[in-house]
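Accompanying notes for the structure given below.
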Amino acid sequence: MSDVATLLAECGAARLAIVQQHEASARAVGHYDFNNTYQYVINREDAHVAWIRSALLESGGTMAPAPAPAAAGAVPSPGSKVDPGAYRQILLEDARVLASFVDAWTPRIAALGHARHRTMLNVILGESREHQRLFEQAASGIEDVLGKRTRHAARVGGVL
């Protein structure tokens, strides 16, 4: 495999591992608004993985499977009102993993000579920072990170 394909394969495996971790976290996070945040992030991350897979195939490589993610921590069952703080540690861990990904990959991507792939990977890094910020905001107790609710709409229910 070429150096470009090797870098894409390694980055793709790291990105896929993060998606799998977020999927596990989403299964554990029953708070409706926080779970919606996970759904939004996972949707974008699926696009990231598809972009990397396409670039990798173009470069003559193949996507390696990611390792199995660790299970998310124990959380309360969703009820009529769930304390947002119950999910703080899961959200903080997901933010930390994204920060670590961006920090580890920024210098490697900056050194990549293939301009189109470098640009694509920089978009992924930028969106990863944004996802990190969403998880940090949710961890701080902000429930409307994706937008404001309709005025006077009650926050009730959870994701099963």
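Chain labels run A, B, ... following the order of the structure tokens; each chain numbers its residues from 1, and ligands are numbered from 1 in the order shown.
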
Can you pull out every residue from chain A that DSSP, working from the backbone, puts in helix (DSSP H, G or I), and format the result as a ChimeraX atom specification? /A:3-28,32-58,84-110,115-139

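Neighbouring residues of A:Tyr87 at 7 Å or closer, counting only C-alpha atoms and skipping chain neighbours under 3 positions away, are Val29, Val75, Pro84, Ile90 and Leu91 of chain A.
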
If you keep all heavy atoms, can you produce a file of those selected residues as a compact mmCIF listing (two decimals), in the first residue's frame?
# COMPACT_ATOMS: atom_id res chain seq x y z
N VAL A 29 -27.51 6.30 26.48
CA VAL A 29 -27.99 7.63 26.84
C VAL A 29 -29.47 7.75 26.47
O VAL A 29 -29.80 7.91 25.30
CB VAL A 29 -27.15 8.74 26.17
CG1 VAL A 29 -27.73 10.11 26.42
CG2 VAL A 29 -25.71 8.67 26.67
N VAL A 75 -26.37 3.65 33.26
CA VAL A 75 -27.16 4.87 33.35
C VAL A 75 -28.58 4.51 33.77
O VAL A 75 -29.00 3.36 33.64
CB VAL A 75 -27.18 5.62 32.00
CG1 VAL A 75 -25.81 6.14 31.66
CG2 VAL A 75 -27.69 4.74 30.90
N PRO A 84 -30.13 15.27 33.57
CA PRO A 84 -29.09 15.34 32.54
C PRO A 84 -27.71 14.97 33.07
O PRO A 84 -26.88 14.45 32.34
CB PRO A 84 -29.12 16.80 32.09
CG PRO A 84 -30.46 17.31 32.48
CD PRO A 84 -30.85 16.53 33.70
N ILE A 90 -20.35 9.80 30.40
CA ILE A 90 -20.35 9.25 29.04
C ILE A 90 -20.08 10.36 28.03
O ILE A 90 -19.26 10.21 27.11
CB ILE A 90 -21.70 8.55 28.74
CG1 ILE A 90 -21.86 7.31 29.62
CG2 ILE A 90 -21.80 8.16 27.26
CD1 ILE A 90 -23.23 6.68 29.55
N LEU A 91 -20.77 11.48 28.19
CA LEU A 91 -20.60 12.61 27.28
C LEU A 91 -19.18 13.17 27.34
O LEU A 91 -18.58 13.46 26.29
CB LEU A 91 -21.62 13.70 27.61
CG LEU A 91 -23.07 13.34 27.32
CD1 LEU A 91 -24.02 14.20 28.14
CD2 LEU A 91 -23.37 13.44 25.84

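Here the question is which of A:Trp51, A:Tyr32, A:Tyr38, A:Phe135 gets nearest to A:Ala95 using only C-alpha atoms, and that residue is A:Phe135.
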
Give me, as a Markdown table, each residue of stretch 21-106 of chain A that comes within 12 Å of stretch 139-142 of chain A, together with its shortest interatomic pair and the distance in Å at one decimal, counting only C-alpha atoms, with rows ordered by chain and rising residue number.
| residue | atom | partner | partner_atom | distance |
| --- | --- | --- | --- | --- |
| A:Val29 | CA | A:Ala139 | CA | 11.6 |
| A:His31 | CA | A:Gly141 | CA | 11.2 |
| A:Asp33 | CA | A:Ile142 | CA | 9.4 |
| A:Phe34 | CA | A:Ala139 | CA | 9.1 |
| A:Thr37 | CA | A:Ile142 | CA | 11.4 |
| A:Val82 | CA | A:Gly141 | CA | 11.6 |
| A:Asp83 | CA | A:Gly141 | CA | 9.0 |
| A:Pro84 | CA | A:Gly141 | CA | 5.8 |
| A:Gly85 | CA | A:Gly141 | CA | 6.4 |
| A:Ala86 | CA | A:Ala139 | CA | 9.2 |
| A:Tyr87 | CA | A:Ala139 | CA | 7.1 |
| A:Arg88 | CA | A:Ala139 | CA | 4.5 |
| A:Gln89 | CA | A:Ala139 | CA | 7.4 |
| A:Ile90 | CA | A:Ala139 | CA | 8.2 |
| A:Leu91 | CA | A:Ala139 | CA | 5.4 |
| A:Leu92 | CA | A:Ala139 | CA | 6.0 |
| A:Glu93 | CA | A:Ala139 | CA | 9.6 |
| A:Asp94 | CA | A:Ala139 | CA | 9.9 |
| A:Ala95 | CA | A:Ala139 | CA | 9.0 |
| A:Arg96 | CA | A:Ala139 | CA | 11.4 |

Keeping N, CA, C and O atoms, export the residues of the selection given above as a short mmCIF file (atom, residue, chain, number, x, y, z; two decimals), in the first residue's frame.
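Saved result, out.cif, follows:
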data_model
loop_
_atom_site.label_atom_id
_atom_site.label_comp_id
_atom_site.auth_asym_id
_atom_site.auth_seq_id
_atom_site.Cartn_x
_atom_site.Cartn_y
_atom_site.Cartn_z
N VAL A 29 -27.51 6.30 26.48
CA VAL A 29 -27.99 7.63 26.84
C VAL A 29 -29.47 7.75 26.47
O VAL A 29 -29.80 7.91 25.30
N HIS A 31 -31.59 10.12 27.65
CA HIS A 31 -32.08 11.50 27.64
C HIS A 31 -32.38 11.89 26.20
O HIS A 31 -31.51 11.82 25.32
N ASP A 33 -32.90 14.67 24.34
CA ASP A 33 -32.11 15.66 23.62
C ASP A 33 -30.66 15.21 23.42
O ASP A 33 -30.07 15.44 22.37
N PHE A 34 -30.08 14.59 24.42
CA PHE A 34 -28.71 14.11 24.30
C PHE A 34 -28.64 12.98 23.27
O PHE A 34 -27.70 12.89 22.49
N THR A 37 -28.57 14.33 19.91
CA THR A 37 -27.23 14.81 19.59
C THR A 37 -26.37 13.65 19.08
O THR A 37 -25.66 13.79 18.08
N VAL A 82 -35.45 12.67 33.30
CA VAL A 82 -34.14 12.10 33.61
C VAL A 82 -33.19 13.25 33.90
O VAL A 82 -33.14 14.23 33.17
N ASP A 83 -32.43 13.12 34.96
CA ASP A 83 -31.43 14.13 35.32
C ASP A 83 -30.34 14.14 34.25
O ASP A 83 -29.68 13.12 34.02
N PRO A 84 -30.13 15.27 33.57
CA PRO A 84 -29.09 15.34 32.54
C PRO A 84 -27.71 14.97 33.07
O PRO A 84 -26.88 14.45 32.34
N GLY A 85 -27.45 15.23 34.35
CA GLY A 85 -26.16 14.91 34.93
C GLY A 85 -25.85 13.43 34.98
O GLY A 85 -24.69 13.04 35.11
N ALA A 86 -26.88 12.60 34.83
CA ALA A 86 -26.68 11.15 34.87
C ALA A 86 -25.80 10.66 33.72
O ALA A 86 -25.19 9.60 33.81
N TYR A 87 -25.72 11.45 32.66
CA TYR A 87 -24.97 11.05 31.47
C TYR A 87 -23.65 11.80 31.31
O TYR A 87 -22.96 11.64 30.32
N ARG A 88 -23.31 12.60 32.29
CA ARG A 88 -22.15 13.47 32.21
C ARG A 88 -20.86 12.72 31.86
O ARG A 88 -20.11 13.13 30.97
N GLN A 89 -20.59 11.63 32.54
CA GLN A 89 -19.33 10.92 32.31
C GLN A 89 -19.25 10.32 30.91
O GLN A 89 -18.18 10.35 30.28
N ILE A 90 -20.35 9.80 30.40
CA ILE A 90 -20.35 9.25 29.04
C ILE A 90 -20.08 10.36 28.03
O ILE A 90 -19.26 10.21 27.11
N LEU A 91 -20.77 11.48 28.19
CA LEU A 91 -20.60 12.61 27.28
C LEU A 91 -19.18 13.17 27.34
O LEU A 91 -18.58 13.46 26.29
N LEU A 92 -18.63 13.29 28.53
CA LEU A 92 -17.26 13.79 28.68
C LEU A 92 -16.24 12.85 28.04
O LEU A 92 -15.28 13.29 27.41
N GLU A 93 -16.46 11.55 28.20
CA GLU A 93 -15.55 10.57 27.59
C GLU A 93 -15.60 10.67 26.07
O GLU A 93 -14.57 10.62 25.39
N ASP A 94 -16.80 10.81 25.52
CA ASP A 94 -16.90 10.93 24.06
C ASP A 94 -16.26 12.23 23.57
O ASP A 94 -15.63 12.24 22.51
N ALA A 95 -16.39 13.30 24.33
CA ALA A 95 -15.71 14.55 23.97
C ALA A 95 -14.20 14.38 24.04
O ALA A 95 -13.46 14.84 23.16
N ARG A 96 -13.72 13.69 25.07
CA ARG A 96 -12.28 13.46 25.23
C ARG A 96 -11.72 12.64 24.07
O ARG A 96 -10.65 12.93 23.53
#

For atom CA of A:Arg108 and atom CA of A:Ser59, quote the distance in Å rounded to one decimal. 17.2 Å

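The protein and nucleic acid residues lying at most 12 Å from A:Ser2 are A:Leu8, A:Ala9, A:Leu56, A:Leu57, A:Glu58, A:Ser59, A:Gly60, A:Gly61, A:Thr62, A:His114, with only C-alpha atoms considered and sequence neighbours fewer than 6 positions away removed.
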
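Between A:Ala5 and the residues A:Ala50, A:Ile109, A:Ala99, A:Ala55, the shortest atom-to-atom distance, using only C-alpha atoms, involves A:Ala55.
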
Pick out the residues sitting within 7 Å of A:Arg129, and hand them over as number ranges by chain; count only C-alpha atoms, and ignore anything fewer than 4 positions along from it in its own chain. A: 98-99, 125, 133

Any chance you could export the current selection's N, CA, C and O atoms as a PDB file, in the first residue's frame?
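Produced file selection.pdb, reproduced below:
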ATOM      1  N   LEU A  98     -12.867  12.424  21.020  1.00  0.00           N
ATOM      2  CA  LEU A  98     -12.817  13.267  19.821  1.00  0.00           C
ATOM      3  C   LEU A  98     -11.639  14.238  19.877  1.00  0.00           C
ATOM      4  O   LEU A  98     -10.942  14.428  18.870  1.00  0.00           O
ATOM      5  N   ALA A  99     -11.396  14.844  21.030  1.00  0.00           N
ATOM      6  CA  ALA A  99     -10.262  15.756  21.168  1.00  0.00           C
ATOM      7  C   ALA A  99      -8.951  15.026  20.920  1.00  0.00           C
ATOM      8  O   ALA A  99      -8.053  15.539  20.231  1.00  0.00           O
ATOM      9  N   LEU A 125     -11.733  16.641  10.586  1.00  0.00           N
ATOM     10  CA  LEU A 125     -11.187  17.150  11.846  1.00  0.00           C
ATOM     11  C   LEU A 125     -12.023  18.315  12.376  1.00  0.00           C
ATOM     12  O   LEU A 125     -12.312  18.385  13.575  1.00  0.00           O
ATOM     13  N   ARG A 133     -17.464  19.731  20.913  1.00  0.00           N
ATOM     14  CA  ARG A 133     -18.121  20.860  21.581  1.00  0.00           C
ATOM     15  C   ARG A 133     -19.563  20.518  21.947  1.00  0.00           C
ATOM     16  O   ARG A 133     -20.024  20.835  23.046  1.00  0.00           O
TER      17      ARG A 133
END

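Distance-wise, atom CA of A:Gln20 and atom CA of A:Trp105 end up 18.5 Å apart.
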
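Nearest residue to A:Asn122, choosing from A:Ile18, A:Val41, A:Ala24, A:Cys11 and counting only C-alpha atoms: A:Cys11.
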
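Atom CA of A:Glu23 to atom CA of A:Glu45 spans 10.5 Å [interatomic distance, one decimal].
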
Contacts of A:His48 at 10 Å or less, counting only C-alpha atoms, minus same-chain residues fewer than 5 places along, as a list in words? Gly12, Arg15, Leu16, Val19, Ile42, Asn43, Arg53, Ser54, Met120, Leu121, Val123, Ile124, Leu125, Glu127 and Ser128 of chain A

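If you measure from each of A:Ala13, A:Arg116, A:Leu7, A:Glu143 to A:Ala64 using only C-alpha atoms, the closest one turns out to be A:Ala13.
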